[in-house]
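Before any comments, here is the structure.
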Amino acid sequence: MDPRPIGVFDSGLGGLTALRELRRLLPGEHFIYFGDTGRVPYGGKGREIIQHYARQDVAFLRSFDPKAIVIACGTVSANALAELTGDNDLPIFGVVGPAAQAAAAATRNGRVGVIATAASIRSGAYEGQIAQLAPRIKVCPQACPLFVPLVENGRFRPGDKVVELVAEEYLAPLRQAGVDTLVLGCTHYPLLRAVIAQTMGTEVTLIDTGAVCADHAVRTLSAQGLLADRAQGSCRYFVSDSTQDFARLASIFLEGDIAGEVTRVEIENY
Ligand code: DGL
């Protein structure tokens, strides 16, 4: 048993989708969530900057002496997991490995699509992981840079012509490639699930990376005897930009659940 908190971070508030899943699975844990709202988006940045930001995000979370850290961000998971794991002596979970495993297990025709930010796709992380698990699977990657701003502006529901048009343009090549499994490799894409399912067809299996990562982290911590022994946990929220916009954005990602009190952090000091 370990009463210490679990740290969770993302480039912004999209990672709240993964945090919600973690809290559902582990109601007795204390969580510290950090969203780097002052420097978001990471998805259009280069690998070195992403690694530098991610190191600072982890250094901040480590000031709470966490027992583990979950990288909710697809872009950080794809570009910095090895570096963060090498620098830190605590379990750090990213989304790419668990999602690659889930996709390899789900595909029946051996064709898997991956949609994510430009930096995640450029990293080749999903192709690498899936090739290790099942070299015969063909991976079809597609960057979808317009999805993040659309979601953050509340444009993700079926019937919204703008998001449907963008989804059609990004997803048509994957449909043509005949993928039967699609990895939603970014924190924001679970909100687009209905639009993506409608565009790809309901027979395509969609993998929610935040949810499979949360599930993997919970199973690992439980197997290592690292879960806390308490009935009701808590969550503290930290951001690097003004706290004013937190409630509006948090309500998009938490779909109505109340987020709680939020504190601003000078992340450049870490
Ligand atoms: N959190 C990022 C991800 O999952 C999306 C937003 C960004 O580009 O920073 O890749």
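By convention in this document, the chains of the structure tokens carry letters A, B, ... by their order, each chain's residues are numbered from 1, and ligands are numbered from 1 in the order they are shown.
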
Using only C-alpha atoms, which residues of stretch 9-122 of chain A come within 10 Å of stretch 190-198 of chain A, and what is the closest atom pair for each, with the distance in Å to one decimal? Give it as a Markdown table, sorted by chain and residue number.
| residue | atom | partner | partner_atom | distance |
| --- | --- | --- | --- | --- |
| A:Gly14 | CA | A:Pro190 | CA | 9.5 |
| A:Thr17 | CA | A:Pro190 | CA | 7.8 |
| A:Ala18 | CA | A:Pro190 | CA | 9.7 |

Surrounding residues of stretch 61-74 of chain A excluding itself and chain neighbours under 3 positions, 7 Å, only C-alpha atoms, as a list in words
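Non-adjacent residues within range: Arg4, Pro5, Ile6, Gly7, Val8, Phe9, Asp10, Ser11, Gly15, Ala18, Asp57, Val58, Ser77, Ala78, Leu90, Pro91, Ile92, Phe93, Gly94, Val95, Ser120, Gly185, Cys186, Thr187 and Gly210 of chain A.
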
If we count only C-alpha atoms, what is near A:Leu133 at a cut-off of 8 Å, once residues fewer than 3 positions away on the same chain are taken out, given as a PyMOL selection string?
chain A and resi 101+104+129-130

I need the residues from that last selection saved to file as a PDB file, in the first residue's frame (with N, CA and C atoms), if you can.
ATOM      1  N   GLN A 101      -0.708  -2.003 -28.106  1.00  0.00           N
ATOM      2  CA  GLN A 101      -1.094  -3.365 -27.724  1.00  0.00           C
ATOM      3  C   GLN A 101      -2.583  -3.613 -27.978  1.00  0.00           C
ATOM      4  N   ALA A 104      -3.172  -3.868 -31.768  1.00  0.00           N
ATOM      5  CA  ALA A 104      -2.680  -5.136 -32.339  1.00  0.00           C
ATOM      6  C   ALA A 104      -3.631  -6.278 -31.970  1.00  0.00           C
ATOM      7  N   GLN A 129       6.200   0.678 -32.148  1.00  0.00           N
ATOM      8  CA  GLN A 129       5.638  -0.219 -31.116  1.00  0.00           C
ATOM      9  C   GLN A 129       4.861  -1.366 -31.754  1.00  0.00           C
ATOM     10  N   ILE A 130       4.052  -1.045 -32.757  1.00  0.00           N
ATOM     11  CA  ILE A 130       3.226  -2.094 -33.372  1.00  0.00           C
ATOM     12  C   ILE A 130       4.120  -3.066 -34.145  1.00  0.00           C
TER      13      ILE A 130
END

Please return, as number ranges by chain, all residues of stretch 20-242 of chain A that DSSP assigns to helix (DSSP H, G or I) on the basis of the backbone.
A: 20-25, 47-62, 74-87, 96-106, 118-123, 125-133, 147-152, 161-176, 189-200, 209-223

Do you know which residues are at most 9 Å from stretch 39-53 of chain A counting only C-alpha atoms, after dropping those on the same chain fewer than 5 positions away, and could you put them as a list in words?
Asp10, Ser11, Gly12, Val58, Gly74, Thr75, Val76, Asn79, Ala80, Leu81, Glu83, Leu84, Ala116, Thr117, Ala118, Ala119, Ser120, Ser123, Pro145, Val148, Ser240, Asp241, Ile267 and Glu268 of chain A

Could those residues be written to a file, using C-alpha atoms, as a short mmCIF file (atom, residue, chain, number, x, y, z; two decimals), in the first residue's frame?
data_model
loop_
_atom_site.label_atom_id
_atom_site.label_comp_id
_atom_site.auth_asym_id
_atom_site.auth_seq_id
_atom_site.Cartn_x
_atom_site.Cartn_y
_atom_site.Cartn_z
CA ASP A 10 -0.84 17.00 -20.30
CA SER A 11 0.09 19.87 -22.59
CA GLY A 12 -3.27 21.38 -21.59
CA VAL A 58 7.59 16.08 -14.49
CA GLY A 74 -0.21 11.72 -26.79
CA THR A 75 2.47 14.10 -28.09
CA VAL A 76 4.66 13.78 -24.97
CA ASN A 79 8.29 12.03 -28.16
CA ALA A 80 9.64 11.92 -24.60
CA LEU A 81 8.69 8.73 -22.73
CA GLU A 83 13.90 10.30 -21.84
CA LEU A 84 11.54 10.82 -18.90
CA ALA A 116 -2.74 12.13 -33.71
CA THR A 117 -0.98 15.50 -33.68
CA ALA A 118 1.70 16.26 -36.28
CA ALA A 119 4.50 15.75 -33.69
CA SER A 120 3.11 12.37 -32.61
CA SER A 123 7.80 10.53 -34.15
CA PRO A 145 -3.83 19.25 -36.68
CA VAL A 148 -7.50 20.14 -31.36
CA SER A 240 0.59 27.35 -16.24
CA ASP A 241 -1.69 30.05 -17.70
CA ILE A 267 6.42 26.20 -14.85
CA GLU A 268 9.57 27.89 -16.22
#

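Each of A:Ala100, A:Val112, A:Ala228, A:Leu22 was compared to A:Ala211 using only C-alpha atoms, and A:Leu22 turns out to be the nearest.
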
Nearest to ligand 1: which of A:Leu226, A:Ala217, A:Ala106, A:Leu150 is it, counting only C-alpha atoms and all ligand atoms?
A:Leu150

Can you pull out every residue from stretch 31-257 of chain A that DSSP, working from the backbone, puts in strand (DSSP E), and format the result as number ranges by chain?
A: 31-35, 68-71, 92-93, 111-116, 138-143, 181-184, 205-208, 234-239

So what do you get for atom CA of A:Ala143 versus atom CA of A:Glu168, distance-wise?
13.2 Å

Rank A:Gly110, A:Gly38, A:Pro141, A:Gly28 by their smallest atom-to-atom distance to ligand 1, using only C-alpha atoms and all ligand atoms, and report the top residue only.
A:Gly38

If you measure from atom CA of A:Gly159 to atom CA of A:Thr199, what distance in Å do you get, rounded to one decimal?
11.7 Å

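Atom CA of A:Tyr33 sits 16.5 Å away from atom CA of A:Val218.
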
Excluding A:Gly260 and any residue of its chain fewer than 2 positions from it, enumerate the residues within 12 Å of it, using only C-alpha atoms, and give them as number ranges by chain.
A: 32-33, 234-238, 243, 246-247, 250-251, 254, 256-258, 262-263

Shortest contact to A:Thr85, candidates A:Arg55, A:Ala172, A:Gly97, A:Ala125, atoms counted only C-alpha atoms, goes to A:Arg55

Which residues are close to A:Pro27, i.e. within 6 Å by only C-alpha atoms, leaving aside same-chain residues fewer than 2 positions away? Reply as JSON, numbers by chain.
{"A": [23, 24, 29, 232, 233]}

May I have the selected residues written with all heavy atoms, as a PDB file, in the first residue's frame?
ATOM      1  N   ARG A  23      -9.746   8.339 -12.243  1.00  0.00           N
ATOM      2  CA  ARG A  23     -10.503   8.552 -10.996  1.00  0.00           C
ATOM      3  C   ARG A  23     -11.668   7.572 -10.883  1.00  0.00           C
ATOM      4  O   ARG A  23     -12.038   7.149  -9.797  1.00  0.00           O
ATOM      5  CB  ARG A  23     -11.014   9.999 -10.923  1.00  0.00           C
ATOM      6  CG  ARG A  23      -9.858  10.989 -10.809  1.00  0.00           C
ATOM      7  CD  ARG A  23     -10.343  12.343 -10.388  1.00  0.00           C
ATOM      8  NE  ARG A  23     -10.723  12.351  -8.982  1.00  0.00           N
ATOM      9  CZ  ARG A  23     -11.320  13.363  -8.377  1.00  0.00           C
ATOM     10  NH1 ARG A  23     -11.641  14.438  -9.075  1.00  0.00           N
ATOM     11  NH2 ARG A  23     -11.618  13.303  -7.106  1.00  0.00           N
ATOM     12  N   ARG A  24     -12.238   7.219 -12.039  1.00  0.00           N
ATOM     13  CA  ARG A  24     -13.341   6.236 -12.025  1.00  0.00           C
ATOM     14  C   ARG A  24     -12.803   4.867 -11.569  1.00  0.00           C
ATOM     15  O   ARG A  24     -13.414   4.172 -10.755  1.00  0.00           O
ATOM     16  CB  ARG A  24     -13.935   6.133 -13.436  1.00  0.00           C
ATOM     17  CG  ARG A  24     -15.211   5.320 -13.530  1.00  0.00           C
ATOM     18  CD  ARG A  24     -15.713   5.260 -14.965  1.00  0.00           C
ATOM     19  NE  ARG A  24     -14.864   4.461 -15.835  1.00  0.00           N
ATOM     20  CZ  ARG A  24     -14.808   3.138 -15.857  1.00  0.00           C
ATOM     21  NH1 ARG A  24     -15.563   2.440 -15.033  1.00  0.00           N
ATOM     22  NH2 ARG A  24     -14.000   2.499 -16.683  1.00  0.00           N
ATOM     23  N   GLU A  29      -7.672   7.117  -4.714  1.00  0.00           N
ATOM     24  CA  GLU A  29      -6.350   7.738  -4.884  1.00  0.00           C
ATOM     25  C   GLU A  29      -6.420   9.263  -4.832  1.00  0.00           C
ATOM     26  O   GLU A  29      -7.408   9.864  -5.241  1.00  0.00           O
ATOM     27  CB  GLU A  29      -5.746   7.336  -6.233  1.00  0.00           C
ATOM     28  CG  GLU A  29      -5.416   5.874  -6.359  1.00  0.00           C
ATOM     29  CD  GLU A  29      -4.304   5.412  -5.426  1.00  0.00           C
ATOM     30  OE1 GLU A  29      -3.414   6.210  -5.102  1.00  0.00           O
ATOM     31  OE2 GLU A  29      -4.338   4.233  -5.027  1.00  0.00           O
ATOM     32  N   GLN A 232     -11.955   7.313  -0.180  1.00  0.00           N
ATOM     33  CA  GLN A 232     -12.224   8.500  -0.996  1.00  0.00           C
ATOM     34  C   GLN A 232     -10.967   9.324  -1.223  1.00  0.00           C
ATOM     35  O   GLN A 232     -10.389   9.835  -0.269  1.00  0.00           O
ATOM     36  CB  GLN A 232     -13.293   9.348  -0.267  1.00  0.00           C
ATOM     37  CG  GLN A 232     -13.828  10.506  -1.065  1.00  0.00           C
ATOM     38  CD  GLN A 232     -14.507  10.062  -2.362  1.00  0.00           C
ATOM     39  OE1 GLN A 232     -15.362   9.189  -2.347  1.00  0.00           O
ATOM     40  NE2 GLN A 232     -14.093  10.636  -3.482  1.00  0.00           N
ATOM     41  N   GLY A 233     -10.557   9.421  -2.479  1.00  0.00           N
ATOM     42  CA  GLY A 233      -9.375  10.208  -2.806  1.00  0.00           C
ATOM     43  C   GLY A 233      -9.767  11.643  -3.158  1.00  0.00           C
ATOM     44  O   GLY A 233     -10.908  12.059  -2.971  1.00  0.00           O
TER      45      GLY A 233
END
